[in-house]
$ cat structure09.tsv   # TSV, C-alpha atoms and all ligand atoms
chain	number	residue	atom	x	y	z
A	1	LEU	CA	19.69	-5.10	49.67
A	2	VAL	CA	22.34	-6.68	47.52
A	3	LEU	CA	21.46	-8.94	44.71
A	4	VAL	CA	24.04	-11.48	43.73
A	5	VAL	CA	23.77	-11.73	39.96
A	6	PRO	CA	25.09	-15.02	38.67
A	7	GLN	CA	27.37	-15.06	35.66
A	8	VAL	CA	25.16	-15.01	32.60
A	9	ALA	CA	25.32	-18.40	30.97
A	10	ALA	CA	25.27	-18.70	27.19
A	11	ALA	CA	21.76	-20.12	27.24
A	12	ALA	CA	20.21	-17.64	29.71
A	13	PRO	CA	16.79	-16.66	28.39
A	14	VAL	CA	16.36	-13.24	26.81
A	15	PHE	CA	12.87	-11.72	26.80
A	16	VAL	CA	11.99	-9.33	23.99
A	17	GLU	CA	8.59	-7.66	23.93
A	18	GLY	CA	7.46	-5.12	21.36
A	19	VAL	CA	6.35	-4.58	17.78
A	20	VAL	CA	8.18	-6.14	14.84
A	21	GLN	CA	9.30	-3.25	12.69
A	22	GLU	CA	11.15	-5.02	9.92
A	23	THR	CA	12.14	-8.55	8.88
A	24	THR	CA	14.88	-9.67	6.48
A	25	SER	CA	15.09	-13.28	5.34
A	26	ARG	CA	18.13	-14.80	3.61
A	27	TRP	CA	19.71	-18.08	2.73
A	28	THR	CA	22.74	-19.07	4.78
A	29	GLU	CA	25.98	-19.25	2.78
A	30	ASP	CA	25.69	-22.99	2.28
A	31	GLY	CA	22.16	-22.61	0.93
A	32	ASP	CA	20.80	-25.05	3.50
A	33	ARG	CA	18.78	-22.77	5.76
A	34	ILE	CA	16.61	-19.71	5.48
A	35	VAL	CA	17.04	-17.44	8.48
A	36	THR	CA	15.05	-14.33	9.30
A	37	GLU	CA	16.40	-11.37	11.24
A	38	ALA	CA	13.61	-9.32	12.79
A	39	THR	CA	13.95	-5.88	14.36
A	40	VAL	CA	11.63	-5.62	17.35
A	41	VAL	CA	10.98	-2.14	18.72
A	42	THR	CA	10.88	-2.42	22.54
A	43	PRO	CA	10.53	0.28	25.21
A	44	ASP	CA	14.33	0.06	25.58
A	45	GLY	CA	15.03	0.44	21.88
A	46	PRO	CA	15.27	-1.87	18.88
A	47	VAL	CA	16.42	-5.48	19.35
A	48	VAL	CA	17.37	-7.76	16.46
A	49	VAL	CA	16.38	-11.40	16.89
A	50	SER	CA	17.08	-14.27	14.55
A	51	GLN	CA	14.61	-16.98	13.63
A	52	LEU	CA	15.14	-20.20	11.69
A	53	GLY	CA	12.90	-20.18	8.61
A	54	GLY	CA	11.39	-17.46	6.46
A	55	HIS	CA	10.58	-16.62	2.87
A	56	VAL	CA	13.16	-16.01	0.09
A	57	ASP	CA	12.89	-16.23	-3.70
A	58	GLY	CA	9.40	-17.69	-3.67
A	59	LEU	CA	10.30	-20.42	-1.16
A	60	THR	CA	9.19	-20.60	2.46
A	61	MET	CA	11.01	-22.65	5.07
A	62	ARG	CA	9.12	-23.31	8.28
A	63	GLN	CA	9.09	-25.93	11.05
A	64	PHE	CA	6.03	-27.80	12.24
A	65	PRO	CA	5.66	-27.41	15.09
A	66	GLY	CA	7.63	-24.21	15.46
A	67	PRO	CA	7.26	-20.63	16.60
A	68	GLU	CA	5.04	-18.33	14.57
A	69	PRO	CA	7.04	-16.60	11.79
A	70	LEU	CA	7.70	-12.98	12.75
A	71	LEU	CA	5.97	-10.43	10.50
A	72	PRO	CA	6.17	-6.63	10.40
A	73	GLY	CA	3.42	-5.06	12.48
A	74	MET	CA	3.08	-8.02	14.84
A	75	ARG	CA	3.12	-7.28	18.60
A	76	VAL	CA	5.05	-10.11	20.21
A	77	ALA	CA	6.56	-11.44	23.41
A	78	ILE	CA	9.62	-13.48	22.42
A	79	GLU	CA	11.71	-15.80	24.50
A	80	ALA	CA	15.19	-16.14	23.03
A	81	HIS	CA	18.74	-17.04	23.97
A	82	ARG	CA	22.15	-15.89	22.79
A	83	ASP	CA	24.57	-18.16	21.03
A	84	THR	CA	27.55	-17.78	18.73
A	85	ASP	CA	28.20	-19.11	15.25
A	86	LEU	CA	31.52	-20.75	14.39
A	87	SER	CA	33.00	-17.30	13.69
A	88	GLN	CA	32.12	-16.27	17.29
A	89	ARG	CA	29.44	-13.80	16.14
A	90	VAL	CA	26.63	-13.54	18.70
A	91	HIS	CA	23.02	-14.09	17.59
A	92	THR	CA	19.83	-13.70	19.62
A	93	LEU	CA	17.90	-16.83	18.67
A	94	VAL	CA	14.12	-17.06	18.91
A	95	ASP	CA	12.88	-19.99	21.04
A	96	SER	CA	9.21	-19.11	21.33
A	97	VAL	CA	6.88	-16.41	20.06
A	98	LYS	CA	3.70	-15.31	21.78
A	99	VAL	CA	1.66	-13.18	19.38
A	100	MET	CA	-0.05	-10.43	21.41
A	101	ALA	CA	-1.56	-8.78	18.31
A	102	TRP	CA	-1.46	-9.63	14.63
A	103	PRO	CA	-0.49	-6.99	12.06
A	104	PRO	CA	-3.47	-4.75	11.35
A	105	GLY	CA	-5.80	-5.95	8.61
A	106	TYR	CA	-5.76	-4.27	5.21
A	107	VAL	CA	-7.71	-4.72	2.03
A	108	ARG	CA	-6.25	-5.09	-1.45
A	109	THR	CA	-7.82	-4.28	-4.80
A	110	GLY	CA	-8.96	-7.25	-6.77
A	111	PRO	CA	-9.19	-10.12	-6.91
A	112	THR	CA	-8.88	-11.07	-10.57
A	113	LYS	CA	-11.21	-13.71	-11.97
A	114	ALA	CA	-8.56	-16.25	-11.02
A	115	GLY	CA	-8.38	-14.89	-7.47
A	116	HIS	CA	-5.16	-12.85	-7.48
A	117	TYR	CA	-4.88	-9.42	-5.93
A	118	LEU	CA	-3.40	-6.49	-7.81
A	119	TYR	CA	0.27	-5.54	-7.59
A	120	TRP	CA	3.09	-3.90	-9.50
A	121	GLU	CA	5.78	-6.24	-10.75
A	122	SER	CA	8.72	-3.84	-10.44
A	123	GLY	CA	10.16	-2.38	-7.24
A	124	CYS	CA	9.03	1.07	-8.36
A	125	VAL	CA	5.97	2.73	-9.82
A	126	PHE	CA	6.62	5.68	-12.11
A	127	VAL	CA	4.10	8.50	-12.05
A	128	ARG	CA	3.92	11.67	-14.10
A	129	VAL	CA	1.95	14.84	-13.39
A	130	ASP	CA	0.06	16.57	-16.17
A	131	ALA	CA	2.07	19.76	-16.70
A	132	ALA	CA	-1.14	21.80	-16.86
A	133	GLY	CA	-1.60	21.19	-13.13
A	134	THR	CA	-4.55	23.01	-11.63
A	135	LYS	CA	-5.56	26.66	-11.76
A	136	GLN	CA	-7.11	26.38	-8.31
A	137	LEU	CA	-3.79	26.67	-6.50
A	138	PRO	CA	-1.61	29.73	-7.06
A	139	GLY	CA	1.38	29.38	-9.37
A	140	ASP	CA	2.92	25.94	-9.27
A	141	THR	CA	2.15	25.19	-5.62
A	142	GLU	CA	0.43	21.91	-6.54
A	143	PHE	CA	3.75	20.32	-7.54
A	144	PRO	CA	5.47	20.33	-4.12
A	145	VAL	CA	2.18	19.14	-2.58
A	146	ILE	CA	2.23	16.17	-4.97
A	147	ASP	CA	5.88	15.52	-4.05
A	148	ALA	CA	4.92	15.47	-0.38
A	149	ALA	CA	2.09	12.96	-0.91
A	150	ILE	CA	4.46	10.66	-2.81
A	151	GLN	CA	7.17	10.99	-0.16
A	152	THR	CA	4.65	10.02	2.52
A	153	TRP	CA	4.24	6.57	0.97
A	154	ASN	CA	7.97	6.24	0.25
A	155	THR	CA	9.11	7.08	3.76
A	156	ALA	CA	6.34	5.87	6.09
A	157	ALA	CA	6.72	2.29	4.87
A	158	GLU	CA	10.44	2.21	4.10
A	159	GLY	CA	11.18	0.11	7.19
A	160	CYS	CA	9.26	-2.86	5.84
A	161	SER	CA	8.53	-2.27	2.13
A	162	TYR	CA	10.74	-2.04	-0.92
A	163	MET	CA	8.16	-0.21	-3.01
A	164	ARG	CA	8.95	3.33	-4.14
A	165	ILE	CA	6.91	5.79	-6.17
A	166	VAL	CA	9.19	7.64	-8.59
A	167	GLN	CA	8.24	10.80	-10.47
A	168	ASP	CA	8.96	11.52	-14.11
A	169	ALA	CA	9.05	15.15	-15.28
A	170	PRO	CA	5.62	16.74	-15.81
A	171	GLU	CA	4.23	16.62	-19.34
A	172	GLU	CA	0.99	17.79	-20.94
A	173	ARG	CA	-0.99	14.57	-21.30
A	174	GLU	CA	-4.40	12.93	-21.17
A	175	VAL	CA	-5.16	9.77	-19.18
A	176	GLY	CA	-5.33	6.42	-20.94
A	177	ASN	CA	-3.89	2.95	-21.20
A	178	ASP	CA	-0.48	4.18	-22.35
A	179	ARG	CA	1.94	2.89	-19.65
A	180	VAL	CA	2.13	6.43	-18.26
A	181	ASN	CA	0.70	6.61	-14.75
A	182	LEU	CA	-0.72	10.11	-14.89
A	183	ILE	CA	-1.87	12.47	-12.15
A	184	LYS	CA	-4.44	14.68	-13.87
A	185	PHE	CA	-6.45	17.62	-12.56
A	186	ARG	CA	-10.00	18.16	-13.86
A	187	ASP	CA	-10.76	21.83	-13.25
A	188	ALA	CA	-13.59	22.25	-15.78
A	189	THR	CA	-15.45	18.95	-16.13
A	190	TRP	CA	-15.32	15.83	-13.95
A	191	CYS	CA	-15.04	13.60	-17.00
A	192	ARG	CA	-12.53	11.87	-19.21
A	193	PRO	CA	-13.06	13.88	-22.43
A	194	ALA	CA	-14.83	12.66	-25.56
A	195	THR	CA	-12.73	11.26	-28.40
A	196	ASN	CA	-13.60	10.76	-32.08
A	197	LYS	CA	-15.31	7.46	-31.37
A	198	ASP	CA	-16.19	7.59	-27.69
A	199	PRO	CA	-18.23	10.11	-25.69
A	200	ALA	CA	-17.06	11.83	-22.52
A	201	ARG	CA	-17.02	9.47	-19.56
A	202	CYS	CA	-18.05	11.29	-16.39
A	203	TYR	CA	-17.64	10.29	-12.76
A	204	ALA	CA	-19.69	10.51	-9.58
A	205	ASP	CA	-19.97	14.12	-8.36
A	206	ALA	CA	-19.20	13.06	-4.78
A	207	ALA	CA	-15.79	11.62	-5.71
A	208	ALA	CA	-12.91	13.97	-4.89
A	209	GLY	CA	-10.51	11.72	-6.75
A	210	ILE	CA	-10.58	8.55	-8.78
A	211	THR	CA	-7.96	5.99	-9.74
A	212	THR	CA	-8.26	3.85	-12.86
A	213	ALA	CA	-6.08	0.76	-13.09
A	214	VAL	CA	-5.47	-1.58	-16.01
A	215	TYR	CA	-4.25	-4.99	-14.95
A	216	VAL	CA	-3.70	-8.49	-16.24
A	217	ASP	CA	-6.85	-10.55	-15.66
A	218	ASP	CA	-6.01	-13.87	-17.26
A	219	ALA	CA	-5.97	-17.13	-15.30
A	220	ASP	CA	-3.48	-18.62	-17.78
A	221	SER	CA	-0.94	-15.83	-17.30
A	222	PRO	CA	1.73	-16.00	-14.60
A	223	ARG	CA	1.30	-12.23	-14.47
A	224	ASP	CA	-2.34	-12.42	-13.36
A	225	GLY	CA	-3.04	-9.37	-11.20
A	226	ALA	CA	-0.09	-7.29	-12.45
A	227	ILE	CA	-1.02	-3.64	-12.87
A	228	VAL	CA	0.23	-2.23	-16.18
A	229	ASP	CA	-1.24	1.29	-16.00
A	230	ALA	CA	-2.87	3.43	-13.32
A	231	ASP	CA	-4.10	7.02	-13.63
A	232	ILE	CA	-5.29	9.35	-10.88
A	233	GLU	CA	-7.77	12.13	-11.58
A	234	ILE	CA	-8.56	14.93	-9.12
A	235	ASN	CA	-12.00	16.56	-9.07
A	236	GLY	CA	-11.75	20.35	-9.38
A	237	LYS	CA	-15.28	20.66	-10.75
A	238	ASN	CA	-17.30	19.76	-7.67
A	239	PHE	CA	-14.68	20.72	-5.09
A	240	ALA	CA	-12.25	23.56	-4.54
A	241	ILE	CA	-8.81	21.93	-4.66
A	242	SER	CA	-7.01	23.40	-1.66
A	243	HIS	CA	-3.70	23.55	0.13
A	244	GLU	CA	-3.32	24.92	3.66
A	245	ASN	CA	-7.04	25.66	3.54
A	246	MET	CA	-6.55	28.06	0.61
A	247	SER	CA	-7.98	27.65	-2.88
A	248	LEU	CA	-8.69	29.79	-5.92
A	249	GLY	CA	-11.55	27.42	-6.72
A	250	THR	CA	-15.09	28.57	-5.98
A	251	ALA	CA	-16.83	25.33	-5.01
A	252	PRO	CA	-18.09	25.56	-1.42
A	253	CYS	CA	-16.33	22.41	-0.19
A	254	LYS	CA	-12.54	22.51	-0.07
A	255	ALA	CA	-10.80	19.21	-0.87
A	256	ASP	CA	-7.24	19.31	0.44
A	257	LEU	CA	-5.03	18.13	-2.42
A	258	GLN	CA	-2.47	16.30	-0.31
A	259	ASN	CA	-5.27	14.56	1.61
A	260	THR	CA	-7.04	13.37	-1.56
A	261	LEU	CA	-3.86	12.42	-3.40
A	262	THR	CA	-2.30	10.43	-0.54
A	263	HIS	CA	-5.47	8.30	-0.52
A	264	GLU	CA	-5.49	7.88	-4.32
A	265	LEU	CA	-1.81	6.88	-4.33
A	266	GLY	CA	-2.81	4.04	-2.00
A	267	HIS	CA	-5.23	2.84	-4.70
A	268	LEU	CA	-2.48	3.17	-7.30
A	269	LEU	CA	-0.32	0.87	-5.16
A	270	GLY	CA	-3.12	-1.71	-5.01
A	271	LEU	CA	-4.94	-0.89	-1.77
A	272	GLU	CA	-8.73	-1.00	-1.46
A	273	HIS	CA	-10.97	0.80	1.04
A	274	PRO	CA	-11.03	-0.75	4.54
A	275	CYS	CA	-14.84	-0.84	4.68
A	276	ARG	CA	-17.65	-1.29	2.16
A	277	THR	CA	-20.36	1.06	0.97
A	278	PRO	CA	-23.77	-0.49	0.21
A	279	GLY	CA	-22.99	-1.02	-3.49
A	280	ASP	CA	-19.67	-2.79	-2.88
A	281	PRO	CA	-19.36	-6.57	-3.24
A	282	GLY	CA	-18.36	-8.72	-0.27
A	283	ARG	CA	-14.62	-8.65	0.39
A	284	LEU	CA	-12.03	-10.20	2.67
A	285	ASP	CA	-9.06	-8.48	4.27
A	286	ASN	CA	-5.56	-9.98	4.23
A	287	THR	CA	-6.32	-12.05	7.32
A	288	GLY	CA	-9.39	-13.59	5.67
A	289	ALA	CA	-11.83	-11.57	7.79
A	290	PRO	CA	-14.89	-10.14	6.01
A	291	VAL	CA	-14.60	-6.41	5.29
A	292	PRO	CA	-17.41	-4.65	7.23
A	293	LEU	CA	-19.86	-2.10	5.89
A	294	CYS	CA	-18.66	1.41	6.72
A	295	SER	CA	-22.03	2.08	8.39
A	296	GLN	CA	-21.44	-0.86	10.74
A	297	THR	CA	-17.96	-0.08	12.05
A	298	ASN	CA	-16.58	2.44	14.52
A	299	ASP	CA	-13.13	0.85	14.54
A	300	PRO	CA	-10.61	3.72	14.45
A	301	ALA	CA	-8.15	1.41	12.65
A	302	ILE	CA	-10.63	1.69	9.76
A	303	THR	CA	-12.13	5.16	10.09
A	304	GLU	CA	-8.83	6.91	10.80
A	305	SER	CA	-6.88	5.14	8.05
A	306	THR	CA	-5.74	6.94	4.91
A	307	MET	CA	-7.61	4.37	2.81
A	308	TYR	CA	-10.94	5.10	4.59
A	309	ASN	CA	-13.60	5.76	1.95
A	310	TYR	CA	-14.79	9.17	3.13
A	311	GLN	CA	-13.26	12.54	3.81
A	312	ASP	CA	-14.68	15.76	5.14
A	313	CYS	CA	-14.36	19.18	3.53
A	314	GLU	CA	-10.97	20.69	4.54
A	315	GLU	CA	-9.85	17.38	6.03
A	316	THR	CA	-6.08	16.78	6.22
A	317	LYS	CA	-5.73	13.67	8.37
A	318	LYS	CA	-5.17	11.40	5.36
A	319	THR	CA	-1.87	13.17	4.64
A	320	THR	CA	-0.21	10.78	7.11
A	321	LEU	CA	-0.37	6.99	6.93
A	322	GLU	CA	-1.79	4.87	9.73
A	323	ALA	CA	-0.89	1.35	10.81
A	324	ASP	CA	-3.35	-0.31	8.40
A	325	ASP	CA	-2.01	1.62	5.41
A	326	ILE	CA	1.60	0.79	6.24
A	327	ALA	CA	0.70	-2.86	6.87
A	328	GLY	CA	-0.94	-2.86	3.43
A	329	VAL	CA	2.01	-1.59	1.42
A	330	CYS	CA	4.40	-3.75	3.46
A	331	GLY	CA	2.16	-6.78	3.01
A	332	ILE	CA	1.99	-6.42	-0.77
A	333	TYR	CA	5.60	-5.33	-1.25
A	334	PRO	CA	7.60	-6.69	1.73
A	335	LYS	CA	11.34	-6.08	1.80
A	336	SER	CA	11.86	-9.85	1.92
A	337	GLU	CA	10.44	-10.08	-1.63
A	338	ASP	CA	12.26	-7.13	-3.20
A	339	PRO	CA	12.44	-7.88	-6.95
A	340	GLY	CA	15.57	-5.71	-7.04
A	341	SER	CA	14.37	-3.84	-10.12
A	342	CYS	CA	13.06	-0.35	-10.73
A	343	GLU	CA	11.52	-0.28	-14.17
A	344	ALA	CA	8.53	1.28	-15.82
A	345	VAL	CA	6.08	-1.18	-17.38
A	346	SER	CA	7.38	-1.41	-20.93
A	347	SER	CA	5.03	-1.47	-23.90
A	348	SER	CA	6.60	-4.73	-25.07
A	349	THR	CA	5.94	-6.65	-21.85
A	350	ALA	CA	2.55	-5.02	-21.60
A	351	THR	CA	1.48	-6.00	-25.11
A	352	CYS	CA	2.78	-9.50	-24.43
A	353	VAL	CA	0.07	-9.97	-21.83
A	354	GLY	CA	-1.67	-13.16	-22.84
A	355	CYS	CA	0.82	-13.95	-25.61
A	356	SER	CA	0.87	-17.63	-26.44
A	357	THR	CA	4.22	-19.44	-26.40
A	358	SER	CA	4.29	-19.27	-30.19
A	359	GLY	CA	4.13	-15.50	-29.89
A	360	ARG	CA	0.67	-15.33	-31.44
A	361	PRO	CA	-1.16	-12.76	-29.37
A	362	LEU	CA	-4.29	-13.93	-27.64
A	363	PRO	CA	-6.88	-11.29	-26.85
A	364	ALA	CA	-5.43	-9.17	-24.07
A	365	MET	CA	-7.53	-9.60	-20.97
A	366	LEU	CA	-7.39	-6.25	-19.32
A	367	LEU	CA	-9.92	-4.73	-17.03
A	368	PHE	CA	-10.47	-1.30	-15.68
A	369	VAL	CA	-11.19	-0.74	-12.07
A	370	GLY	CA	-12.39	2.54	-10.70
A	371	THR	CA	-11.90	3.38	-7.07
A	372	ALA	CA	-12.96	6.73	-5.85
A	373	LEU	CA	-12.51	8.70	-2.67
A	374	LEU	CA	-15.93	9.98	-1.79
A	375	LEU	CA	-15.97	13.39	-0.34
A	376	ALA	CA	-18.89	13.39	1.98
A	377	ARG	CA	-19.77	13.80	5.58
A	378	ARG	CA	-19.18	10.58	7.43
A	379	PRO	CA	-22.29	8.52	8.03
A	380	ARG	CA	-23.81	9.85	11.25
A	381	ARG	CA	-23.32	7.74	14.26
A	382	HIS	CA	-25.19	7.62	17.48
A	383	ARG	CA	-23.27	8.92	20.40
A	384	ARG	CA	-23.83	7.83	23.88
B	401	ZN	ZN	-10.75	5.59	-2.49

$ encode --input "structure09.tsv" --output "C-alpha cells" --more "lines below"
Ligand SMILES: [Zn+2]
Amino acid sequence: LVLVVPQVAAAAPVFVEGVVQETTSRWTEDGDRIVTEATVVTPDGPVVVSQLGGHVDGLTMRQFPGPEPLLPGMRVAIEAHRDTDLSQRVHTLVDSVKVMAWPPGYVRTGPTKAGHYLYWESGCVFVRVDAAGTKQLPGDTEFPVIDAAIQTWNTAAEGCSYMRIVQDAPEEREVGNDRVNLIKFRDATWCRPATNKDPARCYADAAAGITTAVYVDDADSPRDGAIVDADIEINGKNFAISHENMSLGTAPCKADLQNTLTHELGHLLGLEHPCRTPGDPGRLDNTGAPVPLCSQTNDPAITESTMYNYQDCEETKKTTLEADDIAGVCGIYPKSEDPGSCEAVSSSTATCVGCSTSGRPLPAMLLFVGTALLLARRPRRHRR
C-alpha cells in the first residue's frame, strides 16, 4: 500500500499533545505584542509552540475569545500551524488549546489580612545552617544531607521556576527575626530557649520540624505578603534524627533528616499543607477549590506530596518532589516573573516595612506563622 503524501502546505495543521513543561513570555521587539513560547513534552520529545499573549512585567495580554493561556503542568492537546516571520524563521503557532488536565492544585501559606499569599521578593532565598549541627548524626554528615534537600527544590523545579535556595556558610546562631534564615537542630529541648525577658517557647511533641516565618501583613504596603525572615527547627528531642536509617539519637522513632527538611523548605518557600487537620481554618488551593480535611481524602496527589502533613517513622518519600510541590513553587515563582535579582532581605528594606512616605516609621505589622510537619502514623483508612 502506497500512500501519496501531498506537499505540506504552510498552513497544514500540527497536532501537539502532552504536558507543558515550561513557558517563557516576552515582548516583541516593537513592544506591541506579548508572545509566549511553551515547551510541551510529547511522547516524541519536546515541542516548542508559540502563543500570542502572556504575562510580562506585571502586564497580561490575552484575547477574548482566544485559546486558554498555556501554563506549566497543564496537559493539553494543541492544534497549531507553522508560519515564518519576516526573517524567515519558522514558528509553530497555537490555533486552539484543549485542556485535558489543569496543573495540579497546591496550597500557599497565608493569606495576609488583606488577602495576599506569602512569597519572597528576591529570586533567591538565603539560608544558613547553625554550625553546631546535630550530635545525632556522626561527624558532619548532616551538612551534605541539608545540601541535598536544598538541591532537590533547586533542580526539580528549575524548568518552570526561577527561585533558588542559596546557602551561606554555617555559623553558630539562634533563631529569631534577624534576616538570617536559619536551619537549627534542637537535640536537647524542643523549644526556642528562654531569654532575659521571655520564657522558653516550646512546640508540639509530634512535630518533627517547624518553620517560623515573619512577613509583611499590612494592607497599605505594596509588599503585603513578603516574607522577611524564615527559620526552620528540627526536633531531635522527640525523634532520632536519622540518615540512611542510622541515628545516634535514642528516641524510638527515626525521623529522616532529608525527608523532614525537604518538607520544611517547602514551608520556607511559602507552601502550605495540601490538606487540613481538624484545627486548621478553611483554605482554598490555587484553583479556588476548598482544601479538604486530611481524614477525608485518599487522593495520592495530596497524600504522596512532599507537603503532605504527616510522615511515618523512617519515611524517605518526601525527599523527592511530586507534581503538586513543583506546581506550587512554579506557581509562586514562575520563570515568566523572574525579578532578576538574588539578594538577601536587607535590614534597611525590612525595617522600612510600613514606613510612611515621610519616612516616619509606622508600627511594623509583622506576624509569625508556625507550620509544622507532624510525625505520626497516617490516619487509618478503611480498605476494601
Ligand atoms: Zn508542614

$ atom_distance --input "structure09.tsv" --atom1 "atom CA of Met307 of chain A" --atom2 "atom CA of Leu271 of chain A"
7.5 Å

$ residues_near_ligand --input "structure09.tsv" --ligand "ligand ZN 401 (chain B)" --cutoff "12 Å" --atoms "only C-alpha atoms and all ligand atoms" --output "JSON, numbers by chain"
{"A": [107, 108, 109, 206, 207, 208, 209, 210, 211, 212, 232, 233, 234, 259, 260, 261, 262, 263, 264, 265, 266, 267, 268, 269, 270, 271, 272, 273, 274, 275, 276, 277, 305, 306, 307, 308, 309, 310, 311, 318, 369, 370, 371, 372, 373, 374, 375]}

$ closest_residue --input "structure09.tsv" --among "A:Leu293, A:Val20, A:Val90, A:Ala77" --to "Pro103 of chain A" --atoms "only C-alpha atoms"
A:Val20

$ atom_distance --input "structure09.tsv" --atom1 "atom CA of Leu257 of chain A" --atom2 "atom CA of Gln136 of chain A"
10.3 Å

$ closest_residue --input "structure09.tsv" --among "A:Ser50, A:Asn177, A:Thr134, A:Thr84" --to "Val214 of chain A" --atoms "only C-alpha atoms"
A:Asn177

$ atom_distance --input "structure09.tsv" --atom1 "atom CA of Pro222 of chain A" --atom2 "atom CA of Lys113 of chain A"
13.4 Å

$ residues_near_point --input "structure09.tsv" --point "(-5.4, -5.0, 4.3)" --cutoff "6 Å" --atoms "only C-alpha atoms" --output "list in words"
Gly105, Tyr106, Val107, Arg108, Asp285, Asn286 and Gly328 of chain A

$ closest_residue --input "structure09.tsv" --among "A:Leu93, A:Val16, A:Leu86, A:Cys253" --to "Gly236 of chain A" --atoms "all atoms listed in the file"
A:Cys253

$ residues_near_point --input "structure09.tsv" --point "(-1.6, -2.3, 7.8)" --cutoff "8 Å" --atoms "only C-alpha atoms" --output "PyMOL selection string"
chain A and resi 73+103-106+322-331

$ residues_around --input "structure09.tsv" --residues "Val228 of chain A" --least-positions-apart "2" --cutoff "8 Å" --atoms "all atoms listed in the file" --output "PyMOL selection string"
chain A and resi 120+179+213-216+226+230+345+350

$ closest_residue --input "structure09.tsv" --among "A:Val94, A:Cys294, A:Asp57, A:Met74" --to "Glu37 of chain A" --atoms "only C-alpha atoms"
A:Val94

$ residues_around --input "structure09.tsv" --residues "Arg62 of chain A" --least-positions-apart "4" --cutoff "12 Å" --atoms "only C-alpha atoms" --output "JSON, numbers by chain"
{"A": [33, 34, 35, 36, 51, 52, 53, 54, 55, 56, 66, 67, 68, 69, 70]}

$ closest_residue --input "structure09.tsv" --among "A:Gln21, A:Thr189, A:Asn154, A:Ser242" --to "Pro46 of chain A" --atoms "only C-alpha atoms"
A:Gln21

$ build_atoms --input "structure09.tsv" --residues "segment 211-216 of chain A" --atoms "all heavy atoms" --output "PDB file, in the coordinates of the input"
ATOM      1  N   THR A 211      -9.122   6.681  -9.181  1.00  0.00           N
ATOM      2  CA  THR A 211      -7.960   5.990  -9.740  1.00  0.00           C
ATOM      3  C   THR A 211      -8.458   4.901 -10.676  1.00  0.00           C
ATOM      4  O   THR A 211      -9.360   4.148 -10.323  1.00  0.00           O
ATOM      5  CB  THR A 211      -7.117   5.357  -8.607  1.00  0.00           C
ATOM      6  OG1 THR A 211      -6.672   6.396  -7.744  1.00  0.00           O
ATOM      7  CG2 THR A 211      -5.907   4.607  -9.173  1.00  0.00           C
ATOM      8  N   THR A 212      -7.895   4.866 -11.873  1.00  0.00           N
ATOM      9  CA  THR A 212      -8.260   3.850 -12.860  1.00  0.00           C
ATOM     10  C   THR A 212      -7.051   2.977 -13.106  1.00  0.00           C
ATOM     11  O   THR A 212      -5.993   3.484 -13.482  1.00  0.00           O
ATOM     12  CB  THR A 212      -8.695   4.517 -14.185  1.00  0.00           C
ATOM     13  OG1 THR A 212      -9.715   5.470 -13.910  1.00  0.00           O
ATOM     14  CG2 THR A 212      -9.201   3.476 -15.175  1.00  0.00           C
ATOM     15  N   ALA A 213      -7.204   1.679 -12.882  1.00  0.00           N
ATOM     16  CA  ALA A 213      -6.080   0.760 -13.090  1.00  0.00           C
ATOM     17  C   ALA A 213      -6.397  -0.186 -14.232  1.00  0.00           C
ATOM     18  O   ALA A 213      -7.547  -0.574 -14.439  1.00  0.00           O
ATOM     19  CB  ALA A 213      -5.817  -0.046 -11.812  1.00  0.00           C
ATOM     20  N   VAL A 214      -5.381  -0.530 -14.995  1.00  0.00           N
ATOM     21  CA  VAL A 214      -5.470  -1.580 -16.010  1.00  0.00           C
ATOM     22  C   VAL A 214      -4.534  -2.685 -15.561  1.00  0.00           C
ATOM     23  O   VAL A 214      -3.378  -2.417 -15.233  1.00  0.00           O
ATOM     24  CB  VAL A 214      -5.036  -1.058 -17.396  1.00  0.00           C
ATOM     25  CG1 VAL A 214      -5.207  -2.144 -18.453  1.00  0.00           C
ATOM     26  CG2 VAL A 214      -5.834   0.180 -17.774  1.00  0.00           C
ATOM     27  N   TYR A 215      -5.069  -3.900 -15.500  1.00  0.00           N
ATOM     28  CA  TYR A 215      -4.250  -4.990 -14.950  1.00  0.00           C
ATOM     29  C   TYR A 215      -4.514  -6.285 -15.688  1.00  0.00           C
ATOM     30  O   TYR A 215      -5.537  -6.441 -16.363  1.00  0.00           O
ATOM     31  CB  TYR A 215      -4.531  -5.152 -13.451  1.00  0.00           C
ATOM     32  CG  TYR A 215      -5.967  -5.415 -13.084  1.00  0.00           C
ATOM     33  CD1 TYR A 215      -6.441  -6.716 -12.959  1.00  0.00           C
ATOM     34  CD2 TYR A 215      -6.855  -4.360 -12.866  1.00  0.00           C
ATOM     35  CE1 TYR A 215      -7.772  -6.966 -12.608  1.00  0.00           C
ATOM     36  CE2 TYR A 215      -8.169  -4.597 -12.517  1.00  0.00           C
ATOM     37  CZ  TYR A 215      -8.634  -5.899 -12.386  1.00  0.00           C
ATOM     38  OH  TYR A 215      -9.939  -6.143 -12.052  1.00  0.00           O
ATOM     39  N   VAL A 216      -3.577  -7.195 -15.578  1.00  0.00           N
ATOM     40  CA  VAL A 216      -3.700  -8.490 -16.240  1.00  0.00           C
ATOM     41  C   VAL A 216      -4.761  -9.304 -15.507  1.00  0.00           C
ATOM     42  O   VAL A 216      -4.685  -9.473 -14.288  1.00  0.00           O
ATOM     43  CB  VAL A 216      -2.354  -9.243 -16.226  1.00  0.00           C
ATOM     44  CG1 VAL A 216      -2.487 -10.588 -16.942  1.00  0.00           C
ATOM     45  CG2 VAL A 216      -1.255  -8.390 -16.846  1.00  0.00           C
TER      46      VAL A 216
END
